[in-house]
Every structure is written in C-alpha cells, then in structure tokens.
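Engineer: Quick one, target_4.cif (mmCIF, N, CA and C atoms):
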data_upload
#
loop_
_atom_site.label_atom_id
_atom_site.label_comp_id
_atom_site.auth_asym_id
_atom_site.auth_seq_id
_atom_site.Cartn_x
_atom_site.Cartn_y
_atom_site.Cartn_z
N MET A 557 102.23 3.78 -8.55
CA MET A 557 100.87 4.18 -8.83
C MET A 557 100.65 5.59 -8.33
N SER A 558 100.13 6.44 -9.17
CA SER A 558 99.83 7.81 -8.79
C SER A 558 98.47 7.87 -8.09
N LEU A 559 98.44 8.60 -7.00
CA LEU A 559 97.19 8.75 -6.26
C LEU A 559 96.49 10.07 -6.58
N SER A 560 96.99 10.81 -7.58
CA SER A 560 96.45 12.13 -7.86
C SER A 560 95.00 12.09 -8.33
N ASP A 561 94.52 10.99 -8.88
CA ASP A 561 93.13 10.91 -9.33
C ASP A 561 92.24 10.17 -8.33
N HIS A 562 92.71 10.01 -7.08
CA HIS A 562 91.94 9.34 -6.04
C HIS A 562 91.76 10.26 -4.84
N LYS A 563 90.70 9.98 -4.08
CA LYS A 563 90.44 10.72 -2.85
C LYS A 563 90.65 9.76 -1.68
N ILE A 564 91.51 10.12 -0.77
CA ILE A 564 91.76 9.30 0.41
C ILE A 564 90.58 9.49 1.37
N THR A 565 89.99 8.38 1.79
CA THR A 565 88.81 8.44 2.65
C THR A 565 89.05 7.86 4.04
N GLY A 566 90.19 7.21 4.24
CA GLY A 566 90.46 6.65 5.55
C GLY A 566 91.75 5.88 5.59
N VAL A 567 92.07 5.44 6.79
CA VAL A 567 93.27 4.65 7.02
C VAL A 567 92.88 3.52 7.97
N LYS A 568 93.32 2.33 7.67
CA LYS A 568 93.10 1.17 8.54
C LYS A 568 94.46 0.72 9.03
N VAL A 569 94.63 0.68 10.35
CA VAL A 569 95.91 0.29 10.95
C VAL A 569 95.70 -1.01 11.73
N MET A 570 96.55 -1.98 11.45
CA MET A 570 96.47 -3.26 12.15
C MET A 570 97.79 -3.53 12.85
N ASN A 571 97.71 -3.86 14.13
CA ASN A 571 98.89 -4.21 14.90
C ASN A 571 99.21 -5.67 14.61
N ILE A 572 100.35 -5.93 14.00
CA ILE A 572 100.73 -7.29 13.65
C ILE A 572 101.86 -7.81 14.53
N ASN A 573 102.22 -7.04 15.52
CA ASN A 573 103.29 -7.44 16.44
C ASN A 573 102.86 -8.70 17.19
N GLU A 574 103.73 -9.68 17.23
CA GLU A 574 103.51 -10.93 17.95
C GLU A 574 102.34 -11.75 17.41
N GLU A 575 101.94 -11.53 16.17
CA GLU A 575 100.89 -12.32 15.54
C GLU A 575 101.52 -13.35 14.61
N SER A 576 100.89 -14.50 14.50
CA SER A 576 101.38 -15.51 13.57
C SER A 576 100.99 -15.12 12.14
N ALA A 577 101.64 -15.73 11.18
CA ALA A 577 101.32 -15.45 9.78
C ALA A 577 99.86 -15.77 9.49
N GLU A 578 99.35 -16.86 10.06
CA GLU A 578 97.95 -17.25 9.85
C GLU A 578 97.00 -16.20 10.42
N ALA A 579 97.28 -15.68 11.60
CA ALA A 579 96.43 -14.65 12.21
C ALA A 579 96.45 -13.37 11.38
N ILE A 580 97.61 -12.99 10.88
CA ILE A 580 97.72 -11.79 10.05
C ILE A 580 96.93 -11.98 8.76
N GLU A 581 97.04 -13.15 8.16
CA GLU A 581 96.30 -13.44 6.93
C GLU A 581 94.79 -13.32 7.16
N LYS A 582 94.30 -13.82 8.28
CA LYS A 582 92.86 -13.73 8.59
C LYS A 582 92.45 -12.28 8.82
N MET A 583 93.27 -11.51 9.55
CA MET A 583 92.96 -10.09 9.81
C MET A 583 92.87 -9.31 8.50
N VAL A 584 93.84 -9.52 7.64
CA VAL A 584 93.88 -8.80 6.37
C VAL A 584 92.70 -9.21 5.50
N GLY A 585 92.38 -10.50 5.46
CA GLY A 585 91.25 -10.98 4.67
C GLY A 585 89.94 -10.36 5.11
N ARG A 586 89.71 -10.31 6.42
CA ARG A 586 88.48 -9.68 6.94
C ARG A 586 88.46 -8.18 6.62
N SER A 587 89.60 -7.55 6.75
CA SER A 587 89.67 -6.11 6.45
C SER A 587 89.36 -5.83 4.99
N ILE A 588 89.90 -6.65 4.09
CA ILE A 588 89.63 -6.46 2.66
C ILE A 588 88.14 -6.63 2.37
N GLU A 589 87.51 -7.63 2.98
CA GLU A 589 86.06 -7.82 2.80
C GLU A 589 85.28 -6.59 3.27
N GLU A 590 85.63 -6.05 4.44
CA GLU A 590 84.96 -4.87 4.98
C GLU A 590 85.15 -3.66 4.07
N ILE A 591 86.37 -3.48 3.59
CA ILE A 591 86.69 -2.34 2.73
C ILE A 591 85.91 -2.42 1.42
N GLU A 592 85.89 -3.60 0.80
CA GLU A 592 85.16 -3.77 -0.45
C GLU A 592 83.66 -3.60 -0.25
N ALA A 593 83.13 -4.05 0.90
CA ALA A 593 81.70 -3.91 1.19
C ALA A 593 81.30 -2.43 1.29
N LYS A 594 82.23 -1.58 1.67
CA LYS A 594 81.96 -0.14 1.77
C LYS A 594 82.18 0.57 0.43
N GLY A 595 82.57 -0.18 -0.60
CA GLY A 595 82.79 0.42 -1.91
C GLY A 595 84.10 1.18 -2.02
N LEU A 596 85.04 0.88 -1.16
CA LEU A 596 86.33 1.56 -1.16
C LEU A 596 87.40 0.67 -1.77
N LYS A 597 88.54 1.28 -2.06
CA LYS A 597 89.69 0.57 -2.59
C LYS A 597 90.87 0.77 -1.65
N ILE A 598 91.81 -0.16 -1.69
CA ILE A 598 93.08 0.01 -0.99
C ILE A 598 94.00 0.72 -1.96
N LEU A 599 94.36 1.95 -1.64
CA LEU A 599 95.19 2.75 -2.51
C LEU A 599 96.68 2.52 -2.29
N ASP A 600 97.04 2.18 -1.05
CA ASP A 600 98.45 1.99 -0.73
C ASP A 600 98.54 1.13 0.53
N ILE A 601 99.66 0.44 0.67
CA ILE A 601 99.93 -0.36 1.86
C ILE A 601 101.31 0.03 2.38
N GLN A 602 101.36 0.34 3.67
CA GLN A 602 102.63 0.67 4.32
C GLN A 602 102.84 -0.35 5.44
N THR A 603 104.07 -0.69 5.72
CA THR A 603 104.35 -1.63 6.79
C THR A 603 105.49 -1.13 7.67
N SER A 604 105.45 -1.59 8.90
CA SER A 604 106.58 -1.43 9.81
C SER A 604 106.73 -2.76 10.52
N SER A 605 107.63 -2.85 11.45
CA SER A 605 107.81 -4.12 12.16
C SER A 605 106.60 -4.47 13.02
N ASP A 606 105.81 -3.47 13.39
CA ASP A 606 104.67 -3.69 14.28
C ASP A 606 103.30 -3.47 13.63
N TYR A 607 103.24 -2.75 12.53
CA TYR A 607 101.95 -2.35 11.98
C TYR A 607 101.85 -2.57 10.47
N LEU A 608 100.63 -2.83 10.04
CA LEU A 608 100.27 -2.87 8.63
C LEU A 608 99.25 -1.75 8.46
N ILE A 609 99.51 -0.83 7.54
CA ILE A 609 98.68 0.36 7.37
C ILE A 609 98.11 0.35 5.96
N LEU A 610 96.78 0.36 5.85
CA LEU A 610 96.10 0.39 4.57
C LEU A 610 95.54 1.78 4.35
N ILE A 611 95.89 2.41 3.23
CA ILE A 611 95.36 3.72 2.87
C ILE A 611 94.14 3.47 1.98
N LEU A 612 92.99 3.95 2.40
CA LEU A 612 91.73 3.67 1.72
C LEU A 612 91.25 4.87 0.94
N GLY A 613 90.54 4.61 -0.15
CA GLY A 613 90.03 5.72 -0.94
C GLY A 613 89.10 5.27 -2.03
N LYS A 614 88.78 6.24 -2.88
CA LYS A 614 87.93 6.00 -4.03
C LYS A 614 88.36 6.95 -5.14
N ASN A 615 87.82 6.74 -6.32
CA ASN A 615 88.16 7.64 -7.42
C ASN A 615 87.74 9.06 -7.06
N GLY A 616 88.60 10.00 -7.30
CA GLY A 616 88.32 11.40 -6.97
C GLY A 616 87.33 12.01 -7.92
N SER A 617 86.69 13.08 -7.44
CA SER A 617 85.78 13.82 -8.31
C SER A 617 86.00 15.30 -8.17
#
Give the structure from the file, written as structure tokens.

Structural biologist:
Amino acid sequence: MSLSDHKITGVKVMNINEESAEAIEKMVGRSIEEIEAKGLKILDIQTSSDYLILILGKNGS
C-alpha cells in the first residue's frame, strides 16, 4: 500500500512483551476503537518481539 496520498498524524506504540494473546487482543481492540473515534486510520503496522507499532493518519490534502 502506498502512503503517498496520506498524511501521518501519529504513532501508537504498545509494549506486548510478556503479555498473553488475550491481553494483546484487548489492547489492540481498544486502540482501534480510540483511533476510529478520532477519525483516523491505521496506515501501517510494524512489529518487533516486544512492541506493536501502529502508524496513524488520514487522507492527505
């Protein structure tokens, strides 16, 4: 997916180290609700062994 027509407005970082799959699912679910309530989109998702990183944005103008 090309991000050239989007404007990055923020980054959400979640520490998933030592969390159960159920806890991670709840964290991500709440984060998605918060992001959508602000009228933003998740443009990209990056992961490492310890972190889940959501790149947030909206259509560029």

Engineer: Among chain A, which ones does DSSP place in strand (DSSP E or B), written as a ChimeraX atom specification?

Structural biologist: /A:562-571,597-603,607-615

Engineer: Write down as a PDB file with N, CA and C atoms, in the coordinates of the input the residues belonging to region 557-587 of chain A that are assigned helix (DSSP H, G or I) by DSSP computed on the backbone.

Structural biologist:
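Just written: selection.pdb:
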ATOM      1  N   ALA A 577     101.640 -15.730  11.180  1.00  0.00           N
ATOM      2  CA  ALA A 577     101.320 -15.450   9.780  1.00  0.00           C
ATOM      3  C   ALA A 577      99.860 -15.770   9.490  1.00  0.00           C
ATOM      4  N   GLU A 578      99.350 -16.860  10.060  1.00  0.00           N
ATOM      5  CA  GLU A 578      97.950 -17.250   9.850  1.00  0.00           C
ATOM      6  C   GLU A 578      97.000 -16.200  10.420  1.00  0.00           C
ATOM      7  N   ALA A 579      97.280 -15.680  11.600  1.00  0.00           N
ATOM      8  CA  ALA A 579      96.430 -14.650  12.210  1.00  0.00           C
ATOM      9  C   ALA A 579      96.450 -13.370  11.380  1.00  0.00           C
ATOM     10  N   ILE A 580      97.610 -12.990  10.880  1.00  0.00           N
ATOM     11  CA  ILE A 580      97.720 -11.790  10.050  1.00  0.00           C
ATOM     12  C   ILE A 580      96.930 -11.980   8.760  1.00  0.00           C
ATOM     13  N   GLU A 581      97.040 -13.150   8.160  1.00  0.00           N
ATOM     14  CA  GLU A 581      96.300 -13.440   6.930  1.00  0.00           C
ATOM     15  C   GLU A 581      94.790 -13.320   7.160  1.00  0.00           C
ATOM     16  N   LYS A 582      94.300 -13.820   8.280  1.00  0.00           N
ATOM     17  CA  LYS A 582      92.860 -13.730   8.590  1.00  0.00           C
ATOM     18  C   LYS A 582      92.450 -12.280   8.820  1.00  0.00           C
ATOM     19  N   MET A 583      93.270 -11.510   9.550  1.00  0.00           N
ATOM     20  CA  MET A 583      92.960 -10.090   9.810  1.00  0.00           C
ATOM     21  C   MET A 583      92.870  -9.310   8.500  1.00  0.00           C
ATOM     22  N   VAL A 584      93.840  -9.520   7.640  1.00  0.00           N
ATOM     23  CA  VAL A 584      93.880  -8.800   6.370  1.00  0.00           C
ATOM     24  C   VAL A 584      92.700  -9.210   5.500  1.00  0.00           C
ATOM     25  N   GLY A 585      92.380 -10.500   5.460  1.00  0.00           N
ATOM     26  CA  GLY A 585      91.250 -10.980   4.670  1.00  0.00           C
ATOM     27  C   GLY A 585      89.940 -10.360   5.110  1.00  0.00           C
ATOM     28  N   ARG A 586      89.710 -10.310   6.420  1.00  0.00           N
ATOM     29  CA  ARG A 586      88.480  -9.680   6.940  1.00  0.00           C
ATOM     30  C   ARG A 586      88.460  -8.180   6.620  1.00  0.00           C
ATOM     31  N   SER A 587      89.600  -7.550   6.750  1.00  0.00           N
ATOM     32  CA  SER A 587      89.670  -6.110   6.450  1.00  0.00           C
ATOM     33  C   SER A 587      89.360  -5.830   4.990  1.00  0.00           C
TER      34      SER A 587
END

Engineer: Go through A:Ile572, A:Ile564, A:Ala593, A:Val584 one by one, measure the shortest atom-to-atom distance of each to Asn615 (chain A) using only C-alpha atoms, and give the residue with the smallest value.

Structural biologist: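 The shortest atom-to-atom distance to Asn615 (chain A) comes from A:Ile564.
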
Engineer: To one decimal in Å, tell me the separation between atom N of Ile591 (chain A) and atom C of Tyr607 (chain A).

Structural biologist: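 Spanning atom N of Ile591 (chain A) to atom C of Tyr607 (chain A) is a straight-line distance of 17.0 Å.
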
Engineer: Which neighbours of Met583 (chain A) fall inside 10 Å, counting only C-alpha atoms, when residues of the same chain fewer than 4 positions from it are skipped, and could you give them as a ChimeraX atom specification?

Structural biologist: /A:570-572,577-579,587-588

Engineer: (90.1, 13.4, -6.2) in this file's frame - what residues fall within 8 Å of it? Use only N, CA and C atoms and give the answer as a list in words.

Structural biologist: Leu559, Ser560, Asp561, His562, Lys563, Ile564, Lys614, Asn615, Gly616 and Ser617 of chain A

Engineer: Output N, CA and C atoms of each residue in that selection to a file, as a compact mmCIF listing (two decimals), in the frame of the given file.

Structural biologist:
# COMPACT_ATOMS: atom_id res chain seq x y z
N LEU A 559 98.44 8.60 -7.00
CA LEU A 559 97.19 8.75 -6.26
C LEU A 559 96.49 10.07 -6.58
N SER A 560 96.99 10.81 -7.58
CA SER A 560 96.45 12.13 -7.86
C SER A 560 95.00 12.09 -8.33
N ASP A 561 94.52 10.99 -8.88
CA ASP A 561 93.13 10.91 -9.33
C ASP A 561 92.24 10.17 -8.33
N HIS A 562 92.71 10.01 -7.08
CA HIS A 562 91.94 9.34 -6.04
C HIS A 562 91.76 10.26 -4.84
N LYS A 563 90.70 9.98 -4.08
CA LYS A 563 90.44 10.72 -2.85
C LYS A 563 90.65 9.76 -1.68
N ILE A 564 91.51 10.12 -0.77
CA ILE A 564 91.76 9.30 0.41
C ILE A 564 90.58 9.49 1.37
N LYS A 614 88.78 6.24 -2.88
CA LYS A 614 87.93 6.00 -4.03
C LYS A 614 88.36 6.95 -5.14
N ASN A 615 87.82 6.74 -6.32
CA ASN A 615 88.16 7.64 -7.42
C ASN A 615 87.74 9.06 -7.06
N GLY A 616 88.60 10.00 -7.30
CA GLY A 616 88.32 11.40 -6.97
C GLY A 616 87.33 12.01 -7.92
N SER A 617 86.69 13.08 -7.44
CA SER A 617 85.78 13.82 -8.31
C SER A 617 86.00 15.30 -8.17

Engineer: Mind working out the centre and edge lengths of an axis-aligned box for region 561-571 of chain A, all listed atoms inside, 5 Å added to each side, rounded to one decimal in Å and written as lines of an AutoDock Vina configuration file?

Structural biologist:
center_x = 94.0
center_y = 2.7
center_z = 2.8
size_x = 20.4
size_y = 26.7
size_z = 34.2

Engineer: Find the residue from A:Leu599, A:Ser605, A:Glu592, A:Arg586 that sits nearest to Asn573 (chain A); use only N, CA and C atoms when measuring.

Structural biologist: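 Of all the options, A:Ser605 lies closest to Asn573 (chain A).
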
Engineer: Which distance in Å separates atom N of Ile598 (chain A) and atom N of Gly566 (chain A), to one decimal?

Structural biologist: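 Calculated distance between atom N of Ile598 (chain A) and atom N of Gly566 (chain A) is 9.6 Å.
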
Engineer: Choose the residue, out of A:Gly613, A:Glu574, A:Asp606, A:Val567, that has the smallest atom-to-atom separation from Lys594 (chain A); count only C-alpha atoms.

Structural biologist: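 Result for the nearest residue to Lys594 (chain A): A:Gly613.
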
Engineer: Atom C of Leu610 (chain A) to atom N of Glu589 (chain A): how many Å, to one decimal?

Structural biologist: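 Interatomic distance here is 12.4 Å.
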
Engineer: When you count only N, CA and C atoms, which of these residues is closest to Leu596 (chain A): A:Glu581, A:Leu612, A:Ser576, A:Lys568?

Structural biologist: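 That would be A:Leu612, the residue with the smallest distance to Leu596 (chain A).
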